[in-house]
$ cat model_9.csv   # CSV, C-alpha atoms and all ligand atoms
chain,number,residue,atom,x,y,z
J,25,MET,CA,122.8,64.2,127.1
J,26,SER,CA,123.7,66.7,124.4
J,27,GLN,CA,127.3,67.9,124.3
J,28,LEU,CA,128.7,71.1,122.8
J,29,PRO,CA,131.8,70.3,120.7
J,30,ASP,CA,133.9,73.4,121.6
J,31,SER,CA,133.7,73.2,125.4
J,32,GLY,CA,133.0,69.6,125.9
J,33,LEU,CA,130.5,70.5,128.7
J,34,ALA,CA,127.0,69.1,128.8
J,35,LEU,CA,124.1,71.5,128.1
J,36,ASP,CA,123.1,71.5,131.8
J,37,ASP,CA,126.6,72.3,132.9
J,38,LEU,CA,126.9,75.1,130.4
J,39,ARG,CA,123.6,76.6,131.7
J,40,THR,CA,124.8,76.4,135.3
J,41,ARG,CA,128.0,78.2,134.2
J,42,ILE,CA,126.0,80.9,132.3
J,43,ASP,CA,123.6,81.3,135.3
J,44,ALA,CA,126.6,82.0,137.6
J,45,ILE,CA,128.1,84.5,135.1
J,46,ASP,CA,124.7,86.2,134.7
J,47,ALA,CA,124.3,86.5,138.5
J,48,ARG,CA,127.7,88.1,138.7
J,49,ILE,CA,126.8,90.6,135.9
J,50,HIS,CA,123.5,91.4,137.5
J,51,ALA,CA,125.1,91.9,141.0
J,52,ALA,CA,127.7,94.2,139.4
J,53,LEU,CA,125.0,96.2,137.6
J,54,MET,CA,123.0,96.7,140.8
J,55,GLU,CA,126.2,97.7,142.6
J,56,ARG,CA,127.1,100.1,139.8
J,57,ALA,CA,123.7,101.8,139.8
J,58,GLN,CA,124.1,102.3,143.6
J,59,ALA,CA,127.6,103.7,143.2
J,60,GLU,CA,126.3,106.3,140.8
J,61,SER,CA,124.4,108.1,143.6
J,62,GLY,CA,126.2,111.2,144.7
J,63,PHE,CA,127.7,111.9,141.2
J,64,ALA,CA,125.1,114.6,140.4
J,65,ALA,CA,126.0,116.6,143.5
J,66,ALA,CA,129.8,116.0,142.9
J,67,SER,CA,129.4,117.1,139.3
J,68,LEU,CA,127.7,120.3,140.2
J,69,SER,CA,130.3,121.2,142.8
J,70,ALA,CA,133.1,120.4,140.3
J,71,GLY,CA,131.7,123.1,137.9
J,72,GLY,CA,129.7,120.7,135.7
J,73,THR,CA,126.0,120.6,135.0
J,74,SER,CA,123.4,118.3,136.6
J,75,ALA,CA,123.3,116.4,133.2
J,76,LEU,CA,125.9,113.9,134.3
J,77,PHE,CA,127.4,113.9,130.9
J,78,HIS,CA,131.2,113.9,131.1
J,79,PRO,CA,132.5,112.9,127.7
J,80,GLU,CA,136.2,113.1,128.6
J,81,ARG,CA,135.6,110.6,131.3
J,82,ASP,CA,133.5,108.5,128.9
J,83,ALA,CA,136.5,108.6,126.5
J,84,ASP,CA,139.0,107.5,129.2
J,85,MET,CA,136.7,104.6,130.1
J,86,MET,CA,136.3,103.6,126.5
J,87,ARG,CA,140.1,103.7,125.9
J,88,GLN,CA,140.6,101.4,128.9
J,89,MET,CA,137.9,99.1,127.5
J,90,VAL,CA,139.6,98.9,124.0
J,91,GLU,CA,142.9,98.1,125.7
J,92,ARG,CA,141.6,95.2,127.8
J,93,HIS,CA,139.2,93.8,125.2
J,94,GLU,CA,140.0,90.4,123.7
J,95,GLY,CA,138.0,87.4,122.5
J,96,ASP,CA,135.2,87.0,119.9
J,97,LEU,CA,132.7,89.4,121.3
J,98,PRO,CA,132.7,92.5,119.0
J,99,LEU,CA,134.1,95.6,120.7
J,100,VAL,CA,131.2,97.6,119.4
J,101,THR,CA,128.8,95.3,121.3
J,102,VAL,CA,130.6,96.1,124.5
J,103,GLU,CA,130.6,99.8,123.6
J,104,HIS,CA,126.8,99.8,123.2
J,105,LEU,CA,126.1,97.7,126.4
J,106,TRP,CA,128.4,100.0,128.3
J,107,ARG,CA,126.7,103.2,127.0
J,108,ASP,CA,123.3,101.7,127.9
J,109,ILE,CA,124.6,100.9,131.4
J,110,ILE,CA,126.1,104.4,131.9
J,111,CYS,CA,122.9,106.1,130.7
J,112,ALA,CA,120.6,103.9,132.8
J,113,CYS,CA,122.7,104.7,135.9
J,114,THR,CA,122.9,108.4,135.2
J,115,SER,CA,119.1,108.6,134.5
J,116,LEU,CA,118.6,107.6,138.2
J,117,GLN,CA,120.3,110.8,139.1
J,118,SER,CA,119.1,113.3,136.6
J,119,ASP,CA,116.4,113.6,133.9
J,120,THR,CA,118.2,114.4,130.8
J,121,ALA,CA,116.5,114.5,127.4
J,122,VAL,CA,118.3,114.3,124.1
J,123,HIS,CA,117.1,116.7,121.3
J,124,LEU,CA,117.5,115.2,117.8
J,125,ASP,CA,118.4,117.0,114.6
J,126,GLY,CA,115.4,116.5,112.3
J,127,GLY,CA,117.5,117.3,109.2
J,128,ALA,CA,119.0,113.9,109.3
J,129,GLU,CA,117.4,110.6,108.3
J,130,LEU,CA,115.2,109.7,111.2
J,131,ILE,CA,116.2,106.0,111.3
J,132,ASP,CA,119.9,106.9,111.3
J,133,MET,CA,119.4,109.5,114.0
J,134,LEU,CA,117.4,107.1,116.2
J,135,ASP,CA,119.9,104.3,115.8
J,136,LEU,CA,122.7,106.7,116.9
J,137,ALA,CA,120.7,108.1,119.8
J,138,ARG,CA,119.7,104.6,121.1
J,139,PHE,CA,123.2,103.3,120.6
J,140,TYR,CA,124.8,106.0,122.7
J,141,PHE,CA,122.0,107.0,125.1
J,142,GLY,CA,120.1,103.7,125.5
J,143,PHE,CA,116.4,103.6,126.3
J,144,SER,CA,116.6,105.4,129.6
J,145,VAL,CA,116.5,108.9,128.2
J,146,GLU,CA,113.7,110.8,126.5
J,147,LEU,CA,114.3,111.6,122.8
J,148,VAL,CA,112.9,114.9,121.6
J,149,PRO,CA,112.7,115.3,117.8
J,150,GLY,CA,113.7,118.8,116.6
J,151,SER,CA,113.1,120.4,113.2
J,152,ASP,CA,116.7,121.1,112.4
J,153,ALA,CA,120.2,121.6,113.9
J,154,ALA,CA,119.5,125.3,114.8
J,155,ASP,CA,116.4,124.1,116.7
J,156,VAL,CA,118.5,121.6,118.7
J,157,VAL,CA,121.1,124.3,119.6
J,158,GLY,CA,118.2,126.5,120.9
J,159,ALA,CA,116.5,123.7,122.8
J,160,VAL,CA,119.8,122.6,124.6
J,161,ALA,CA,120.6,126.3,125.5
J,162,VAL,CA,117.3,126.8,127.4
J,163,SER,CA,117.0,123.4,128.9
J,164,GLN,CA,117.9,122.1,132.4
J,165,GLY,CA,121.0,120.3,131.2
J,166,ASP,CA,119.6,118.4,128.1
J,167,LEU,CA,121.8,117.2,125.3
J,168,GLY,CA,121.6,117.7,121.6
J,169,LEU,CA,122.5,115.4,118.7
J,170,VAL,CA,123.3,117.1,115.4
J,171,ALA,CA,124.3,115.2,112.2
J,172,LEU,CA,127.5,116.3,110.6
J,173,THR,CA,127.4,116.9,106.9
J,174,ASP,CA,130.3,118.3,104.9
J,175,ARG,CA,128.2,121.0,103.5
J,176,ALA,CA,125.5,122.4,105.9
J,177,GLU,CA,122.2,123.9,104.8
J,178,MET,CA,122.7,126.6,107.3
J,179,PRO,CA,125.5,127.7,109.6
J,180,TRP,CA,123.7,126.3,112.7
J,181,TRP,CA,126.9,126.6,114.8
J,182,ARG,CA,126.7,130.4,114.8
J,183,GLU,CA,124.3,130.1,117.8
J,184,LEU,CA,126.7,128.0,119.9
J,185,SER,CA,128.0,129.9,122.8
J,186,GLU,CA,129.4,129.7,126.4
J,187,ALA,CA,126.1,131.0,127.6
J,188,GLY,CA,124.1,128.4,125.7
J,189,ALA,CA,125.1,125.2,124.0
J,190,LEU,CA,128.6,124.0,123.0
J,191,VAL,CA,130.0,121.0,121.1
J,192,ARG,CA,131.0,118.4,123.8
J,193,ALA,CA,131.5,115.1,121.9
J,194,ARG,CA,131.9,113.7,118.4
J,195,LEU,CA,130.3,110.4,117.3
J,196,PRO,CA,131.1,107.7,116.5
J,197,PHE,CA,133.7,107.7,119.2
J,198,LEU,CA,135.0,104.3,118.3
J,199,VAL,CA,135.9,104.5,114.6
J,200,LEU,CA,135.6,101.2,112.8
J,201,ASP,CA,135.5,100.4,109.1
J,202,GLU,CA,132.1,98.9,109.5
J,203,ARG,CA,129.9,99.5,112.5
J,204,PRO,CA,126.2,100.1,113.5
J,205,ALA,CA,125.1,103.6,114.4
J,206,ASP,CA,127.7,105.2,112.2
J,207,LEU,CA,126.0,108.5,111.4
J,208,PRO,CA,128.7,111.2,112.0
J,209,ALA,CA,127.3,113.6,114.6
J,210,LEU,CA,128.2,116.0,117.3
J,211,VAL,CA,126.8,116.0,120.8
J,212,LEU,CA,125.8,119.4,122.2
J,213,ALA,CA,125.6,120.3,125.9
J,214,GLN,CA,125.6,123.3,128.0
J,215,ALA,CA,128.9,124.8,128.9
J,216,ASP,CA,130.8,123.4,131.9
J,217,SER,CA,134.2,123.9,133.2
J,218,LEU,CA,135.3,120.4,132.0
J,219,VAL,CA,135.2,121.5,128.3
J,220,GLU,CA,138.8,122.7,128.8
J,221,THR,CA,140.1,119.2,129.1
J,222,ALA,CA,138.9,118.2,125.6
J,223,ASP,CA,141.6,116.9,123.2
J,224,ILE,CA,140.2,118.7,120.1
J,225,ALA,CA,138.9,122.3,120.1
J,226,VAL,CA,136.0,123.3,117.8
J,227,TYR,CA,135.8,126.8,116.4
J,228,ASP,CA,133.2,128.9,114.5
J,229,ALA,CA,135.4,130.4,111.8
J,230,ARG,CA,134.3,132.8,109.1
J,231,TRP,CA,136.2,134.3,106.2
J,232,THR,CA,135.6,135.9,102.8
J,233,ASP,CA,136.5,134.0,99.7
J,234,LEU,CA,136.7,130.2,99.1
J,235,LEU,CA,137.4,127.2,101.3
J,236,PRO,CA,141.1,126.5,100.9
J,237,GLY,CA,142.3,123.0,100.3
J,238,ARG,CA,145.3,123.6,102.5
J,239,LEU,CA,143.6,123.6,105.9
J,240,MET,CA,144.4,120.0,106.6
J,241,ASP,CA,148.1,120.8,106.1
J,242,GLN,CA,147.8,123.1,109.1
J,243,GLY,CA,146.1,120.4,111.2
J,244,ILE,CA,142.6,121.9,110.7
J,245,GLU,CA,139.7,119.6,109.9
J,246,VAL,CA,136.6,121.2,108.4
J,247,LEU,CA,133.7,119.5,110.2
J,248,SER,CA,131.1,121.3,108.2
J,249,PHE,CA,130.8,124.5,106.1
J,250,PHE,CA,128.3,126.8,104.7
J,251,ARG,CA,128.9,129.0,101.6
J,252,SER,CA,127.4,132.4,102.4
J,253,ALA,CA,127.1,135.3,100.0
J,254,SER,CA,130.2,136.9,101.4
J,255,GLY,CA,132.4,133.9,101.9
J,256,VAL,CA,132.6,130.8,104.1
J,257,ASP,CA,131.2,129.9,107.5
J,258,ALA,CA,133.0,126.8,108.8
J,259,LEU,CA,133.0,124.7,111.8
J,260,ILE,CA,136.6,123.6,112.3
J,261,ALA,CA,138.4,121.3,114.6
J,262,ILE,CA,142.0,121.6,115.7
J,263,SER,CA,144.2,120.3,118.5
J,264,ALA,CA,143.1,121.9,121.8
J,265,ASP,CA,146.8,122.3,122.7
J,266,LEU,CA,147.0,125.4,120.5
J,267,PRO,CA,146.1,128.8,121.9
J,268,GLU,CA,143.6,130.7,119.9
J,269,GLU,CA,146.2,133.0,118.4
J,270,ASP,CA,148.0,130.0,117.0
J,271,VAL,CA,144.7,128.7,115.6
J,272,PHE,CA,144.3,132.1,113.9
J,273,LYS,CA,147.8,131.9,112.4
J,274,ALA,CA,147.1,128.3,111.2
J,275,CYS,CA,144.0,129.5,109.4
J,276,VAL,CA,145.9,132.4,107.8
J,277,ALA,CA,148.8,130.1,106.7
J,278,ALA,CA,146.1,127.9,105.0
J,279,GLY,CA,144.7,130.9,103.1
J,280,ALA,CA,141.6,131.5,105.2
J,281,GLU,CA,142.1,134.6,107.3
J,282,PRO,CA,139.2,134.5,109.8
J,283,GLU,CA,137.1,137.6,110.4
J,284,VAL,CA,135.4,135.6,113.1
J,285,LEU,CA,137.1,132.9,115.2
J,286,ARG,CA,135.2,131.7,118.2
J,287,ARG,CA,135.8,128.7,120.3
J,288,VAL,CA,132.5,126.8,120.4
J,289,GLY,CA,133.4,123.6,122.2
J,290,GLY,CA,135.6,120.6,122.0
J,291,TYR,CA,135.6,116.8,122.1
J,292,ALA,CA,137.7,113.8,123.1
J,293,ALA,CA,139.7,112.5,120.1
J,294,PRO,CA,137.9,109.5,118.6
J,295,ILE,CA,139.6,106.1,119.0
J,296,ASP,CA,140.7,104.2,115.9
J,297,GLY,CA,139.2,100.8,116.6
J,298,ASN,CA,140.7,99.2,113.5
J,299,GLY,CA,144.3,99.5,114.6
J,300,ASP,CA,146.6,100.3,117.6
J,301,PRO,CA,144.4,101.2,120.6
J,302,ASP,CA,147.0,103.8,121.6
J,303,GLU,CA,146.6,105.7,118.4
J,304,THR,CA,143.8,108.3,118.1
J,305,PHE,CA,141.8,108.6,114.9
J,306,GLU,CA,143.3,110.8,112.2
J,307,PRO,CA,140.8,111.8,109.5
J,308,GLU,CA,142.0,110.8,106.0
J,309,ASP,CA,141.4,114.0,104.2
J,310,ASP,CA,140.0,117.5,104.7
J,311,ALA,CA,136.3,116.5,105.0
J,312,GLY,CA,136.4,115.1,101.5
J,313,LEU,CA,138.1,118.2,100.0
J,314,GLY,CA,140.5,117.9,97.0
J,315,GLU,CA,143.8,119.5,96.5
J,316,GLY,CA,142.9,123.0,95.3
J,317,ASP,CA,140.8,125.9,96.7
J,318,VAL,CA,137.7,124.4,95.3
J,319,ARG,CA,134.6,123.8,97.2
J,320,LYS,CA,132.0,126.6,97.0
L,401,LIG,O1,132.7,109.7,136.3
L,401,LIG,C1,131.8,110.6,136.2
L,401,LIG,O2,132.1,111.8,136.0
L,401,LIG,C2,130.4,110.2,136.1
L,401,LIG,O3,129.6,111.1,136.1
L,401,LIG,C3,130.0,108.8,136.1
L,401,LIG,C4,129.7,108.3,134.8
L,401,LIG,C5,129.5,106.8,134.8
L,401,LIG,O4,128.4,106.3,135.0
L,401,LIG,O5,130.6,106.1,134.8
L,401,LIG,C6,128.5,108.9,134.3
L,401,LIG,C7,128.4,109.8,133.2
L,401,LIG,C8,129.6,110.3,132.6
L,401,LIG,O6,129.4,110.6,131.3
L,401,LIG,C9,130.8,109.5,132.9
L,401,LIG,C10,130.8,108.6,133.8

$ encode --input "model_9.csv" --output "structure tokens"
Amino acid sequence: MSQLPDSGLALDDLRTRIDAIDARIHAALMERAQAESGFAAASLSAGGTSALFHPERDADMMRQMVERHEGDLPLVTVEHLWRDIICACTSLQSDTAVHLDGGAELIDMLDLARFYFGFSVELVPGSDAADVVGAVAVSQGDLGLVALTDRAEMPWWRELSEAGALVRARLPFLVLDERPADLPALVLAQADSLVETADIAVYDARWTDLLPGRLMDQGIEVLSFFRSASGVDALIAISADLPEEDVFKACVAAGAEPEVLRRVGGYAAPIDGNGDPDETFEPEDDAGLGEGDVRK
């Protein structure tokens, strides 16, 4: 009879053990899918949408997972399995499609979409980010996936609004030095009351002149920017603890006095999967900016 050196168990015994574990996993999956019923109605009465997309809750669950994770199985594998399970369960409650930004490499976009939303949701290719914003805004609770590039080809975030689509999550959520599905992206969804609980607030900020290099000193991350004829259109991220007037002051202190400053969403702070699970991800620099007031 063949033996496996690490466990000392015979092949048949190992298979019996695996069968028992699989039966427990399968039973738990069926139980979870059943437990999901009732969430759509509860979500609507809590001020959410029927989409059953609650990224702050997702973030809490992922943080718990990171804390209890041990052993050889890569954390990112557990993340993906868990995302697939969540989306398979929610798709029993609501039909949510995900609209994809056609401006990004299709293979990267598909990888990201399937990693986070599994195979239970319909994917709808869009022509560009603005198209995705529009599609989410008029949908029955669909989501949008927009690739984040330092420099945008158009200020697509101008169309984000409380009445339409807002930024609701940032991907990848689990930040690792190397990981699959690593295209930086934002998830868009229709406004719901739960956006207020996000860790990080996202603003549409516009000012004349250059993009100052001192924004990061004020705790402002430039997610993306567009250089217009009159100045800069930027999508910026800053702690959601700050009231809007303090965000304005922070921009002014950095040398970018906004003519427009509009809150256009928020997201749960990504987890740094490389280090201490209690620490949230801190971006290394100002979206690749150097020291001076340079990028035009
Ligand atoms: O806890 C919720 O609010 C749910 O809607 C349930 C659930 C889940 O399946 O665990 C589903 C979708 C959300 O994104 C987060 C969690």

$ closest_atom_pairs --input "model_9.csv" --of "chain J" --to "ligand LIG 401 (chain L)" --cutoff "8 Å" --atoms "all atoms listed in the file" --output "JSON lines"
{"residue": "J:Arg56", "atom": "CA", "partner": "L:LIG401", "partner_atom": "O4", "distance": 7.9}
{"residue": "J:Glu60", "atom": "CA", "partner": "L:LIG401", "partner_atom": "O4", "distance": 6.2}
{"residue": "J:Phe63", "atom": "CA", "partner": "L:LIG401", "partner_atom": "O3", "distance": 5.5}
{"residue": "J:Ala64", "atom": "CA", "partner": "L:LIG401", "partner_atom": "O3", "distance": 7.1}
{"residue": "J:Ser67", "atom": "CA", "partner": "L:LIG401", "partner_atom": "O2", "distance": 6.8}
{"residue": "J:Leu76", "atom": "CA", "partner": "L:LIG401", "partner_atom": "C7", "distance": 4.9}
{"residue": "J:Phe77", "atom": "CA", "partner": "L:LIG401", "partner_atom": "O6", "distance": 3.9}
{"residue": "J:His78", "atom": "CA", "partner": "L:LIG401", "partner_atom": "O6", "distance": 3.8}
{"residue": "J:Pro79", "atom": "CA", "partner": "L:LIG401", "partner_atom": "O6", "distance": 5.3}
{"residue": "J:Glu80", "atom": "CA", "partner": "L:LIG401", "partner_atom": "O6", "distance": 7.7}
{"residue": "J:Arg81", "atom": "CA", "partner": "L:LIG401", "partner_atom": "C9", "distance": 5.2}
{"residue": "J:Asp82", "atom": "CA", "partner": "L:LIG401", "partner_atom": "C9", "distance": 4.9}
{"residue": "J:Met85", "atom": "CA", "partner": "L:LIG401", "partner_atom": "O5", "distance": 7.8}
{"residue": "J:Ile109", "atom": "CA", "partner": "L:LIG401", "partner_atom": "O4", "distance": 7.5}
{"residue": "J:Ile110", "atom": "CA", "partner": "L:LIG401", "partner_atom": "O4", "distance": 4.3}
{"residue": "J:Cys111", "atom": "CA", "partner": "L:LIG401", "partner_atom": "O4", "distance": 7.0}
{"residue": "J:Cys113", "atom": "CA", "partner": "L:LIG401", "partner_atom": "O4", "distance": 6.0}
{"residue": "J:Thr114", "atom": "CA", "partner": "L:LIG401", "partner_atom": "C6", "distance": 5.7}

$ atom_distance --input "model_9.csv" --atom1 "CA of Arg41 (chain J)" --atom2 "CA of Ala112 (chain J)"
26.8 Å

$ atom_distance --input "model_9.csv" --atom1 "CA of Asp270 (chain J)" --atom2 "CA of Phe250 (chain J)"
23.4 Å

$ closest_residue --input "model_9.csv" --among "J:Val276, J:Ala176, J:Val102, J:Ala70" --to "Val90 (chain J)" --atoms "only C-alpha atoms"
J:Val102

$ closest_residue --input "model_9.csv" --among "J:Pro267, J:Gly237, J:Pro294, J:Gly165" --to "Asp84 (chain J)" --atoms "all atoms listed in the file"
J:Pro294

$ closest_atom_pairs --input "model_9.csv" --of "region 100-133 of chain J" --to "region 206-230 of chain J" --cutoff "10 Å" --atoms "all atoms listed in the file" --output "JSON lines"
{"residue": "J:Val122", "atom": "CA", "partner": "J:Leu212", "partner_atom": "CA", "distance": 9.3}
{"residue": "J:His123", "atom": "CA", "partner": "J:Leu212", "partner_atom": "CA", "distance": 9.2}
{"residue": "J:Leu124", "atom": "CA", "partner": "J:Val211", "partner_atom": "CA", "distance": 9.8}
{"residue": "J:Asp125", "atom": "CA", "partner": "J:Ala209", "partner_atom": "CA", "distance": 9.5}
{"residue": "J:Ala128", "atom": "CA", "partner": "J:Leu207", "partner_atom": "CA", "distance": 9.1}
{"residue": "J:Glu129", "atom": "CA", "partner": "J:Leu207", "partner_atom": "CA", "distance": 9.4}
{"residue": "J:Asp132", "atom": "CA", "partner": "J:Leu207", "partner_atom": "CA", "distance": 6.3}
{"residue": "J:Met133", "atom": "CA", "partner": "J:Leu207", "partner_atom": "CA", "distance": 7.2}

$ write_last_selection --input "model_9.csv" --atoms "C-alpha atoms" --output "short mmCIF file (atom, residue, chain, number, x, y, z; two decimals), in the frame of the given file"
data_model
loop_
_atom_site.label_atom_id
_atom_site.label_comp_id
_atom_site.auth_asym_id
_atom_site.auth_seq_id
_atom_site.Cartn_x
_atom_site.Cartn_y
_atom_site.Cartn_z
CA VAL J 122 118.30 114.30 124.10
CA HIS J 123 117.10 116.70 121.30
CA LEU J 124 117.50 115.20 117.80
CA ASP J 125 118.40 117.00 114.60
CA ALA J 128 119.00 113.90 109.30
CA GLU J 129 117.40 110.60 108.30
CA ASP J 132 119.90 106.90 111.30
CA MET J 133 119.40 109.50 114.00
#

$ closest_residue --input "model_9.csv" --among "J:Gly255, J:Gly158, J:Gly168, J:Pro196" --to "Tyr140 (chain J)" --atoms "only C-alpha atoms"
J:Pro196

$ atom_distance --input "model_9.csv" --atom1 "CA of Gly290 (chain J)" --atom2 "CA of Pro236 (chain J)"
22.6 Å

$ decode --input "model_9.csv" --residues "region 149-172 of chain J" --atoms "N, CA and C atoms" --output "short mmCIF file (atom, residue, chain, number, x, y, z; two decimals), in the first residue's frame"
data_model
loop_
_atom_site.label_atom_id
_atom_site.label_comp_id
_atom_site.auth_asym_id
_atom_site.auth_seq_id
_atom_site.Cartn_x
_atom_site.Cartn_y
_atom_site.Cartn_z
N PRO J 149 -19.13 44.03 -21.15
CA PRO J 149 -18.02 44.89 -21.59
C PRO J 149 -18.54 46.29 -21.95
N GLY J 150 -17.84 47.31 -21.47
CA GLY J 150 -18.20 48.70 -21.80
C GLY J 150 -17.11 49.27 -22.68
N SER J 151 -17.36 50.43 -23.29
CA SER J 151 -16.31 50.96 -24.16
C SER J 151 -15.22 51.66 -23.34
N ASP J 152 -15.62 52.42 -22.33
CA ASP J 152 -14.60 53.09 -21.51
C ASP J 152 -15.18 53.36 -20.12
N ALA J 153 -14.39 54.05 -19.29
CA ALA J 153 -14.80 54.26 -17.90
C ALA J 153 -16.10 55.08 -17.81
N ALA J 154 -16.21 56.10 -18.67
CA ALA J 154 -17.41 56.96 -18.64
C ALA J 154 -18.66 56.13 -18.96
N ASP J 155 -18.49 55.21 -19.88
CA ASP J 155 -19.56 54.31 -20.28
C ASP J 155 -20.02 53.46 -19.07
N VAL J 156 -19.05 53.00 -18.30
CA VAL J 156 -19.35 52.19 -17.12
C VAL J 156 -20.12 53.01 -16.08
N VAL J 157 -19.68 54.26 -15.86
CA VAL J 157 -20.38 55.13 -14.91
C VAL J 157 -21.84 55.28 -15.32
N GLY J 158 -22.07 55.53 -16.62
CA GLY J 158 -23.43 55.71 -17.13
C GLY J 158 -24.26 54.44 -16.99
N ALA J 159 -23.65 53.29 -17.29
CA ALA J 159 -24.39 52.02 -17.24
C ALA J 159 -24.81 51.69 -15.80
N VAL J 160 -23.90 51.93 -14.84
CA VAL J 160 -24.24 51.64 -13.44
C VAL J 160 -25.35 52.57 -12.97
N ALA J 161 -25.25 53.84 -13.36
CA ALA J 161 -26.22 54.85 -12.90
C ALA J 161 -27.65 54.49 -13.29
N VAL J 162 -27.84 53.94 -14.49
CA VAL J 162 -29.21 53.68 -14.95
C VAL J 162 -29.65 52.24 -14.71
N SER J 163 -28.79 51.44 -14.09
CA SER J 163 -29.09 50.01 -13.92
C SER J 163 -29.98 49.76 -12.71
N GLN J 164 -30.37 48.48 -12.56
CA GLN J 164 -31.10 48.06 -11.36
C GLN J 164 -30.08 47.50 -10.36
N GLY J 165 -29.16 48.32 -9.92
CA GLY J 165 -28.20 47.88 -8.90
C GLY J 165 -26.99 47.13 -9.44
N ASP J 166 -26.62 47.36 -10.69
CA ASP J 166 -25.40 46.73 -11.22
C ASP J 166 -24.15 47.38 -10.64
N LEU J 167 -23.01 46.71 -10.84
CA LEU J 167 -21.74 47.25 -10.40
C LEU J 167 -20.89 47.60 -11.62
N GLY J 168 -19.87 48.42 -11.40
CA GLY J 168 -18.94 48.78 -12.48
C GLY J 168 -17.52 48.56 -12.01
N LEU J 169 -16.65 48.19 -12.94
CA LEU J 169 -15.25 47.98 -12.62
C LEU J 169 -14.44 48.89 -13.54
N VAL J 170 -13.73 49.85 -12.93
CA VAL J 170 -12.97 50.83 -13.72
C VAL J 170 -11.50 50.72 -13.34
N ALA J 171 -10.64 50.56 -14.34
CA ALA J 171 -9.20 50.46 -14.07
C ALA J 171 -8.66 51.81 -13.62
N LEU J 172 -7.74 51.77 -12.64
CA LEU J 172 -7.15 53.01 -12.14
C LEU J 172 -5.82 53.25 -12.84
#
